[in-house]
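The structure file input.txt is reproduced below (compact mmCIF, C-alpha atoms).
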```txt
# COMPACT_ATOMS: atom_id res chain seq x y z
CA MET A 1 67.59 146.05 139.86
CA ILE A 2 66.84 143.21 142.31
CA LEU A 3 63.48 142.57 140.66
CA LYS A 4 65.17 142.50 137.25
CA LEU A 5 67.55 139.88 138.61
CA ALA A 6 64.66 137.91 140.15
CA SER A 7 62.76 138.05 136.84
CA LEU A 8 65.49 136.27 134.87
CA PRO A 9 64.55 132.88 133.36
CA PRO A 10 64.24 130.30 136.17
CA GLN A 11 67.20 128.16 135.06
CA ILE A 12 69.56 131.13 134.91
CA LEU A 13 68.31 132.46 138.24
CA ASP A 14 68.77 129.07 139.90
CA ASN A 15 72.36 128.91 138.65
CA LEU A 16 73.03 132.39 140.02
CA ILE A 17 71.49 132.31 143.51
CA GLY A 18 70.15 128.77 144.05
CA ASP A 19 68.25 128.19 147.30
CA ALA A 20 68.34 131.90 148.13
CA ILE A 21 65.28 132.16 145.85
CA THR A 22 63.14 130.67 148.60
CA SER A 23 65.17 131.22 151.77
CA SER A 24 66.22 134.86 151.44
CA LEU A 25 64.79 136.61 148.38
CA PRO A 26 61.38 137.55 149.91
CA ASP A 27 63.14 139.25 152.86
CA ILE A 28 65.53 141.04 150.50
CA LEU A 29 62.69 142.26 148.29
CA TYR A 30 60.80 143.51 151.34
CA ASN A 31 63.76 145.30 152.90
CA THR A 32 64.63 147.01 149.60
CA TYR A 33 61.03 147.92 148.64
CA ASN A 34 61.12 151.44 147.18
CA GLY A 35 57.40 152.24 147.18
CA ASP A 36 56.80 151.18 143.56
CA LEU A 37 53.92 148.73 144.00
CA ALA A 38 53.48 148.43 140.24
CA LEU A 39 56.90 146.74 139.96
CA LEU A 40 55.87 144.00 142.39
CA LYS A 41 52.51 143.50 140.67
CA ALA A 42 54.11 143.29 137.23
CA ALA A 43 56.63 140.69 138.37
CA PHE A 44 53.96 138.60 140.12
CA THR A 45 51.63 138.54 137.12
CA ASN A 46 54.41 137.60 134.71
CA PRO A 47 54.13 133.80 134.14
CA ALA A 48 57.73 133.69 132.85
CA VAL A 49 59.03 134.63 136.31
CA ASP A 50 60.11 131.72 138.54
CA GLU A 51 57.12 130.44 140.56
CA TYR A 52 59.08 130.62 143.83
CA VAL A 53 59.92 134.25 143.13
CA ARG A 54 56.25 134.97 142.50
CA GLY A 55 55.36 133.22 145.74
CA GLY A 56 57.93 135.36 147.55
CA ILE A 57 56.39 138.51 146.07
CA LEU A 58 53.05 137.45 147.54
CA ASP A 59 54.75 137.32 150.95
CA VAL A 60 56.15 140.82 150.40
CA LEU A 61 52.69 142.14 149.54
CA GLY A 62 51.24 140.36 152.57
CA GLN A 63 53.79 142.06 154.79
CA LEU A 64 53.01 145.43 153.22
CA TYR A 65 49.37 144.83 154.14
CA LEU A 66 50.34 144.04 157.75
CA ASP A 67 52.44 147.24 157.76
CA GLY A 68 49.44 149.29 156.62
CA VAL A 69 50.99 150.21 153.26
CA LEU A 70 48.24 148.23 151.50
CA THR A 71 44.70 148.73 152.78
CA GLU A 72 42.59 145.66 153.51
CA ASN A 73 40.20 146.47 150.69
CA ALA A 74 43.03 147.01 148.17
CA TRP A 75 44.77 143.78 149.22
CA LYS A 76 41.58 141.70 149.00
CA THR A 77 40.81 143.21 145.60
CA LEU A 78 44.25 142.19 144.31
CA LEU A 79 43.93 138.67 145.72
CA ARG A 80 40.49 138.14 144.18
CA GLU A 81 41.68 139.54 140.85
CA TRP A 82 44.47 136.96 140.76
CA ILE A 83 42.28 134.10 142.03
CA TYR A 84 39.74 134.57 139.23
CA GLU A 85 42.37 135.13 136.55
CA GLU A 86 41.61 132.25 134.17
CA ASP A 87 45.16 132.15 132.83
CA GLU A 88 46.57 131.54 136.31
CA GLN A 89 46.67 127.75 136.45
CA ASN A 90 49.94 127.28 138.35
CA PRO A 91 48.96 125.06 141.36
CA TYR A 92 51.88 126.34 143.45
CA ILE A 93 50.86 129.98 142.97
CA CYS A 94 47.20 129.19 143.67
CA ALA A 95 48.23 127.41 146.87
CA ASN A 96 50.27 130.48 147.84
CA LEU A 97 47.24 132.70 147.27
CA ALA A 98 45.18 130.52 149.62
CA GLN A 99 47.97 130.45 152.19
CA VAL A 100 48.33 134.24 152.21
CA ILE A 101 44.57 134.63 152.71
CA CYS A 102 44.74 132.26 155.68
CA LYS A 103 47.67 134.06 157.29
CA CYS A 104 45.85 137.39 156.92
CA HIS A 105 42.77 135.81 158.58
CA PHE A 106 40.40 136.87 155.80
CA ALA A 107 37.55 134.53 156.76
CA ASP A 108 35.19 136.28 154.33
CA MET A 109 37.45 135.01 151.52
CA LEU A 110 36.89 131.32 152.32
CA PRO A 111 34.51 131.05 149.32
CA ASP A 112 37.37 132.32 147.12
CA ILE A 113 39.70 129.64 148.48
CA ARG A 114 36.94 127.11 147.94
CA HIS A 115 36.74 128.22 144.30
CA LEU A 116 40.40 127.32 143.80
CA TYR A 117 39.80 123.84 145.20
CA GLU A 118 36.68 123.31 143.10
CA GLU A 119 38.60 124.31 139.99
CA ASP A 120 41.33 121.82 140.95
CA ARG A 121 43.94 124.60 140.94
CA ILE A 122 45.36 123.99 144.43
CA ASP A 123 48.47 121.95 145.13
CA GLU A 124 47.17 119.94 148.11
CA GLU A 125 50.62 118.51 148.77
CA PHE A 126 51.71 122.04 149.62
CA ILE A 127 48.93 123.24 151.95
CA GLY A 128 46.59 120.27 152.40
CA THR A 129 42.86 120.00 151.82
CA TYR A 130 40.25 122.76 152.15
CA ASP A 131 39.41 121.89 155.78
CA LYS A 132 43.05 122.58 156.71
CA CYS A 133 42.70 126.08 155.28
CA VAL A 134 39.65 126.68 157.48
CA ASP A 135 41.64 125.63 160.56
CA SER A 136 44.55 127.84 159.51
CA ILE A 137 42.45 130.96 158.95
CA PHE A 138 41.29 130.89 162.60
CA GLU A 139 44.68 129.80 164.00
CA TYR A 140 46.89 132.30 165.82
CA GLU A 141 49.06 130.23 168.16
CA GLU A 142 51.85 129.49 165.66
CA GLN A 143 51.61 132.72 163.72
CA THR A 144 53.59 135.09 165.94
CA SER A 145 55.35 136.89 163.11
CA GLY A 146 54.54 138.35 159.72
CA PHE A 147 55.56 137.25 156.25
CA CYS A 148 59.02 138.84 156.03
CA ARG A 149 61.86 139.66 158.44
CA SER A 150 63.23 143.12 158.95
CA PRO A 151 66.01 143.92 159.45
CA ILE A 152 67.95 140.94 158.11
CA HIS A 153 70.56 139.59 160.56
CA ALA A 154 73.02 137.67 158.41
CA ALA A 155 74.87 136.15 161.38
CA SER A 156 71.64 134.71 162.81
CA LEU A 157 70.65 133.28 159.44
CA LEU A 158 74.04 131.64 158.89
CA ARG A 159 74.57 130.34 162.41
CA GLY A 160 72.78 127.06 161.75
CA TRP A 161 74.65 126.25 158.54
CA ALA A 162 76.68 123.04 158.68
CA MET A 163 79.93 124.87 157.85
CA PHE A 164 79.56 126.97 161.01
CA GLU A 165 78.01 124.48 163.41
CA GLN A 166 79.04 120.88 163.96
CA PRO A 167 76.20 118.35 163.74
CA PRO A 168 75.22 116.64 167.02
CA GLU A 169 76.67 113.26 167.87
CA LYS A 170 74.79 110.20 166.65
CA GLU A 171 74.01 109.14 170.22
CA SER A 172 72.25 112.45 170.80
CA GLN A 173 70.32 112.06 167.55
CA ASP A 174 69.18 108.58 168.56
CA LYS A 175 67.92 109.91 171.91
CA ASP A 176 66.00 112.72 170.20
CA PHE A 177 64.43 110.25 167.78
CA GLY A 178 63.44 107.99 170.66
CA LYS A 179 61.76 110.91 172.43
CA LEU A 180 59.87 111.77 169.25
CA ILE A 181 58.55 108.20 168.91
CA LYS A 182 57.38 108.17 172.54
CA THR A 183 55.66 111.52 172.08
CA LEU A 184 53.84 110.33 168.97
CA ASP A 185 52.80 107.13 170.71
CA ARG A 186 51.50 109.02 173.74
CA GLU A 187 49.87 111.94 171.92
CA PHE A 188 48.15 110.29 169.00
CA THR A 189 47.49 106.63 169.75
CA ARG A 190 46.57 106.01 173.35
CA PRO A 191 42.93 106.65 174.25
CA GLU A 192 42.41 109.54 176.62
CA PRO A 193 41.54 108.19 180.09
CA THR A 194 38.03 108.92 181.28
CA ARG A 195 38.32 111.27 184.23
CA LYS A 196 36.24 110.23 187.24
CA ILE A 197 33.93 113.05 188.34
CA GLY A 198 33.05 113.32 192.03
CA ARG A 199 29.43 113.84 193.09
CA ASN A 200 30.25 117.26 194.52
CA ASP A 201 32.51 118.36 191.63
CA PRO A 202 31.31 121.06 189.22
CA CYS A 203 29.34 119.44 186.41
CA PRO A 204 31.47 119.15 183.24
CA CYS A 205 28.54 120.41 181.15
CA GLY A 206 29.34 123.94 182.37
CA SER A 207 26.03 124.62 184.10
CA GLY A 208 27.77 125.73 187.33
CA LYS A 209 25.82 123.17 189.38
CA LYS A 210 27.27 120.26 191.29
CA TYR A 211 27.51 117.05 189.28
CA LYS A 212 25.01 115.25 191.56
CA PHE A 213 22.39 117.94 190.95
CA CYS A 214 22.91 118.08 187.20
CA CYS A 215 24.13 115.34 184.83
CA LEU A 216 24.89 112.47 187.26
CA ASN A 217 21.66 110.60 186.62
CA LYS A 218 21.09 111.67 183.05
CA PRO A 219 21.26 108.91 180.43
CA LYS A 220 24.51 108.56 178.49
CA SER A 221 24.58 110.83 175.46
CA LEU A 222 24.74 109.47 171.92
CA LEU A 223 28.16 111.05 171.39
CA ASP A 224 29.57 109.35 174.51
CA SER A 225 28.51 106.02 173.04
CA ILE A 226 30.79 106.71 170.06
CA GLU A 227 33.85 107.73 172.07
CA SER A 228 34.52 109.47 175.38
CA GLU A 229 34.38 113.23 175.82
CA GLN A 230 38.13 113.19 176.51
CA GLU A 231 38.76 111.46 173.18
CA ARG A 232 36.60 113.98 171.35
CA MET A 233 38.45 116.87 172.95
CA LYS A 234 41.79 115.37 171.91
CA TRP A 235 40.77 115.18 168.25
CA LEU A 236 39.17 118.62 168.35
CA LYS A 237 42.42 120.31 169.47
CA SER A 238 43.04 121.52 165.93
CA TYR A 239 39.44 122.73 165.54
CA PRO A 240 39.08 126.54 165.67
CA TYR A 241 38.49 127.77 169.21
CA THR A 242 34.87 128.21 170.23
CA GLY A 243 34.14 129.65 173.64
CA ASP A 244 33.67 132.73 175.77
CA GLN A 245 37.31 133.81 176.11
CA ARG A 246 38.14 136.38 173.44
CA GLU A 247 41.27 138.31 172.51
CA THR A 248 41.09 141.70 170.83
CA GLY A 249 41.97 141.68 167.15
CA ARG A 250 41.22 138.02 166.55
CA ILE A 251 38.38 136.44 164.61
CA TYR A 252 36.31 133.47 165.79
CA LEU A 253 33.91 131.01 164.18
CA GLU A 254 31.02 132.51 166.13
CA ASP A 255 31.61 135.78 164.27
CA PHE A 256 30.53 134.09 161.03
CA PHE A 257 28.41 131.02 161.91
CA ASP A 258 25.62 130.20 164.37
CA SER A 259 25.92 127.62 167.15
CA GLU A 260 23.83 124.98 165.34
CA SER A 261 25.99 125.00 162.21
CA ILE A 262 29.15 124.85 164.37
CA GLU A 263 27.86 121.81 166.26
CA ILE A 264 27.03 120.04 162.98
CA ASP A 265 30.46 120.94 161.64
CA LYS A 266 32.18 119.54 164.75
CA LEU A 267 30.47 116.20 164.15
CA LEU A 268 31.67 116.23 160.55
CA TYR A 269 35.17 117.17 161.71
CA LEU A 270 35.26 114.26 164.17
CA ALA A 271 34.19 111.94 161.37
CA LEU A 272 36.31 113.18 158.48
CA ALA A 273 39.37 115.04 159.78
CA HIS A 274 42.59 113.06 159.38
CA ARG A 275 43.65 111.51 162.68
CA MET A 276 47.43 111.42 162.60
CA THR A 277 48.63 108.11 164.04
CA PRO A 278 51.86 106.14 163.49
CA LEU A 279 51.56 103.28 161.01
CA TRP A 280 52.13 100.66 163.69
CA ARG A 281 49.13 101.94 165.67
CA ARG A 282 46.73 102.43 162.76
CA GLU A 283 43.13 101.48 163.57
CA PRO A 284 41.42 98.74 161.54
CA ASP A 285 39.20 100.06 158.74
CA GLU A 286 36.04 98.64 160.31
CA ILE A 287 36.59 100.65 163.52
CA VAL A 288 37.24 103.86 161.59
CA GLU A 289 34.16 103.31 159.43
CA LYS A 290 31.97 102.58 162.45
CA ARG A 291 33.04 105.82 164.10
CA GLN A 292 32.58 107.80 160.88
CA ARG A 293 29.14 106.31 160.32
CA ALA A 294 28.01 107.21 163.85
CA TYR A 295 29.23 110.82 163.71
CA LEU A 296 27.93 111.39 160.17
CA SER A 297 24.55 109.89 161.07
CA GLU A 298 24.18 112.30 163.99
CA ALA A 299 25.32 115.18 161.78
CA PHE A 300 22.69 114.20 159.20
CA ALA A 301 19.97 114.15 161.89
CA GLN A 302 20.87 117.67 163.05
CA PHE A 303 21.29 118.84 159.46
CA THR A 304 17.77 117.73 158.46
CA LYS A 305 16.26 119.50 161.50
CA LYS A 306 18.01 122.75 160.57
CA VAL A 307 17.03 122.44 156.91
CA GLU A 308 13.37 121.89 157.80
CA LYS A 309 13.31 124.66 160.42
CA GLU A 310 14.81 127.25 158.07
CA HIS A 311 13.13 126.00 154.87
CA ILE A 312 16.44 125.47 153.07
CA ALA A 313 15.80 124.06 149.60
CA THR A 314 19.22 123.04 148.25
CA PHE A 315 22.69 121.97 149.31
CA LYS A 316 24.07 125.09 147.67
CA GLU A 317 21.85 127.30 149.83
CA TYR A 318 22.97 125.51 153.00
CA ASP A 319 26.62 125.64 151.96
CA ALA A 320 26.46 129.39 151.34
CA LYS A 321 25.07 130.06 154.82
CA TYR A 322 26.30 127.36 157.13
CA SER A 323 28.96 124.98 155.74
CA ILE A 324 32.37 125.43 157.38
CA HIS A 325 34.95 122.67 156.90
CA TYR A 326 32.98 120.37 154.62
CA PHE A 327 30.32 120.96 152.00
CA CYS A 328 27.08 118.97 151.87
CA GLU A 329 27.68 116.81 148.83
CA GLU A 330 31.11 115.77 150.14
CA TRP A 331 30.04 114.36 153.48
CA MET A 332 26.67 113.14 152.20
CA ASP A 333 28.43 110.93 149.64
CA VAL A 334 30.65 109.46 152.37
CA LEU A 335 27.61 108.80 154.59
CA LEU A 336 25.64 107.13 151.78
CA ALA A 337 28.57 104.86 150.94
CA LEU A 338 29.04 103.83 154.59
CA LEU A 339 25.31 103.17 155.12
CA LYS A 340 25.08 101.13 151.94
CA LYS A 341 28.12 99.09 152.92
CA ASN A 342 26.65 98.48 156.38
CA ASP A 343 23.23 97.64 154.90
CA ASP A 344 21.49 100.24 157.07
CA GLN A 345 18.42 100.45 154.86
CA ASN A 346 16.24 102.86 156.88
CA LEU A 347 18.83 105.61 157.34
CA HIS A 348 20.28 104.97 153.89
CA GLY A 349 16.81 105.48 152.41
CA ALA A 350 16.30 108.74 154.33
CA ALA A 351 19.70 110.12 153.32
CA LYS A 352 19.21 109.07 149.70
CA LYS A 353 15.78 110.73 149.62
CA CYS A 354 17.25 113.95 151.10
CA ARG A 355 19.99 113.94 148.49
CA ARG A 356 17.52 113.37 145.68
CA GLU A 357 15.16 116.14 146.85
CA MET A 358 17.98 118.66 147.26
CA ASP A 359 19.31 117.84 143.78
CA ARG A 360 15.84 118.14 142.28
CA ARG A 361 15.32 121.63 143.70
CA ALA A 362 18.79 122.83 142.71
```

Could you express the structure from this file as structure tokens?
Amino acid sequence: MILKLASLPPQILDNLIGDAITSSLPDILYNTYNGDLALLKAAFTNPAVDEYVRGGILDVLGQLYLDGVLTENAWKTLLREWIYEEDEQNPYICANLAQVICKCHFADMLPDIRHLYEEDRIDEEFIGTYDKCVDSIFEYEEQTSGFCRSPIHAASLLRGWAMFEQPPEKESQDKDFGKLIKTLDREFTRPEPTRKIGRNDPCPCGSGKKYKFCCLNKPKSLLDSIESEQERMKWLKSYPYTGDQRETGRIYLEDFFDSESIEIDKLLYLALAHRMTPLWRREPDEIVEKRQRAYLSEAFAQFTKKVEKEHIATFKEYDAKYSIHYFCEEWMDVLLALLKKNDDQNLHGAAKKCRREMDRRA
């Protein structure tokens, strides 16, 4: 009966229950699920059903997977069936499909998400670009709960409504806003200070030796000439964790990609990932382009070594094995444009030749 109600024409449904379509309906559908999976599937695949209802049904199915009602294989089969359904062109639904895959941590389905982006069927305003999906699929810190709540505590849900709770005084709001501005200014705009390393301190490279016996007298690395290690670490905070500390039940990049491809991808991430900064602290375009050019140039150097070592013939072949956040043609086009603009003829010629050879063999 609830699904019949939810399947009414969108305008009628909105008049009947309004914002409850998005705020409460998924939880209600989950808590009243009667074991008839076919009912949920039929409602989801019906294009006449409100898109927010269909998105809520995806959440219900995702929760049923987490509960063990749906097996992993059955759930992935359903998701792929809907992804490759040619009639499904609703960008909101396609974005929901990608989001559910990310929250279930199905890293082996990244190519399926990529397909949605390539077909221009994703609403990027809803979930962002493809690289954001990659970050999300390996992210666990903010995902402490499932898709739906059970049981539903009406009092808790209503406690924050304006009719039950008086809004804070304006003075308090102004203070909170001031704190937010200071946090943004501190977190995203000020360069990270370079920490002074003592001669007898452990070397930051992780070798276990004292600094004076390891990296003290080594020449400055190419990456440090672009920006400090502290700056790089700040902008890599959103990058999926790579390291020795593991937690049971979680997936990591190293489970799917080798160390060389991860290092190349980190360079691309440092060059291309959006660096959130307030408008009043925005860097000049020439500084951004210089940094991008340096990171992309180093990524290209490591990329060509890997391609030659493993006899990779085409971009498509490399993408299938090693691309993570960004695919070859994407970042190569950015690099070529920056090199041409900077009149860097030698590197521009090498990159252009690489692009031409890869395209020829495709």

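Interatomic distance, atom CA of Pro240 of chain A against atom CA of Leu70 of chain A: 27.5 Å.
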
Between A:Asn15, A:Thr304, A:Thr22, A:Asn34, single out the one closest to Ile2 of chain A, counting only C-alpha atoms.
A:Asn34

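Atom pair atom CA of Ser261 of chain A / atom CA of Tyr84 of chain A: separated by 28.4 Å.
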
Between A:Ala313, A:Leu339, A:Ala107, A:Ala74, which residue has the minimum interatomic distance to Arg356 of chain A, considering all atoms listed in the file?
A:Ala313

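Each of A:Arg149, A:His325, A:Arg291, A:Arg250 was compared to Asp265 of chain A using all atoms listed in the file, and A:His325 turns out to be the nearest.
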
Distance query Glu88 of chain A at most 10 Å, only C-alpha atoms, self and fewer than 4 positions along chain excluded, as an MDAnalysis selection string:
chainID A and resid 45 47 82:84 93:94 121

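Neighbours of Asp36 of chain A closer than or equal to 12 Å, with only C-alpha atoms counted and sequence neighbours fewer than 6 positions away skipped, come out as A:Leu3, A:Leu29, A:Tyr30, A:Ala42, A:Ala43, A:Leu61, A:Leu64, A:Val69.
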
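Minimum atom-to-atom distances from A:Phe44, A:Phe256, A:Tyr117, A:Tyr318 to Tyr130 of chain A were compared using all atoms listed in the file, and the lowest value belongs to A:Tyr117.
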
Contacts of Pro202 of chain A at 6 Å (all atoms listed in the file; same-chain gap of 4+ positions) as an MDAnalysis selection string:
chainID A and resid 209:211

So that I can see what lies close to Ile101 of chain A, please list as a short mmCIF file (atom, residue, chain, number, x, y, z; two decimals) with C-alpha atoms, keeping the file's coordinate frame the residues with an atom at most 9 Å from it, counting only C-alpha atoms and leaving out residues fewer than 6 positions away in the same chain.
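The resulting file, around38.cif, is reproduced below:
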```cif
data_model
loop_
_atom_site.label_atom_id
_atom_site.label_comp_id
_atom_site.auth_asym_id
_atom_site.auth_seq_id
_atom_site.Cartn_x
_atom_site.Cartn_y
_atom_site.Cartn_z
CA GLY A 62 51.24 140.36 152.57
CA LYS A 76 41.58 141.70 149.00
CA LEU A 79 43.93 138.67 145.72
CA ALA A 107 37.55 134.53 156.76
CA MET A 109 37.45 135.01 151.52
CA LEU A 110 36.89 131.32 152.32
CA ILE A 113 39.70 129.64 148.48
CA ILE A 137 42.45 130.96 158.95
#
```

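Distance-wise, atom CA of Asp14 of chain A and atom CA of Gly146 of chain A end up 26.1 Å apart.
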
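The nearest approach to Leu223 of chain A among the residues A:Ser297, A:Gln63, A:Asn31, A:Gln89, with all atoms listed in the file taken into account, belongs to A:Ser297.
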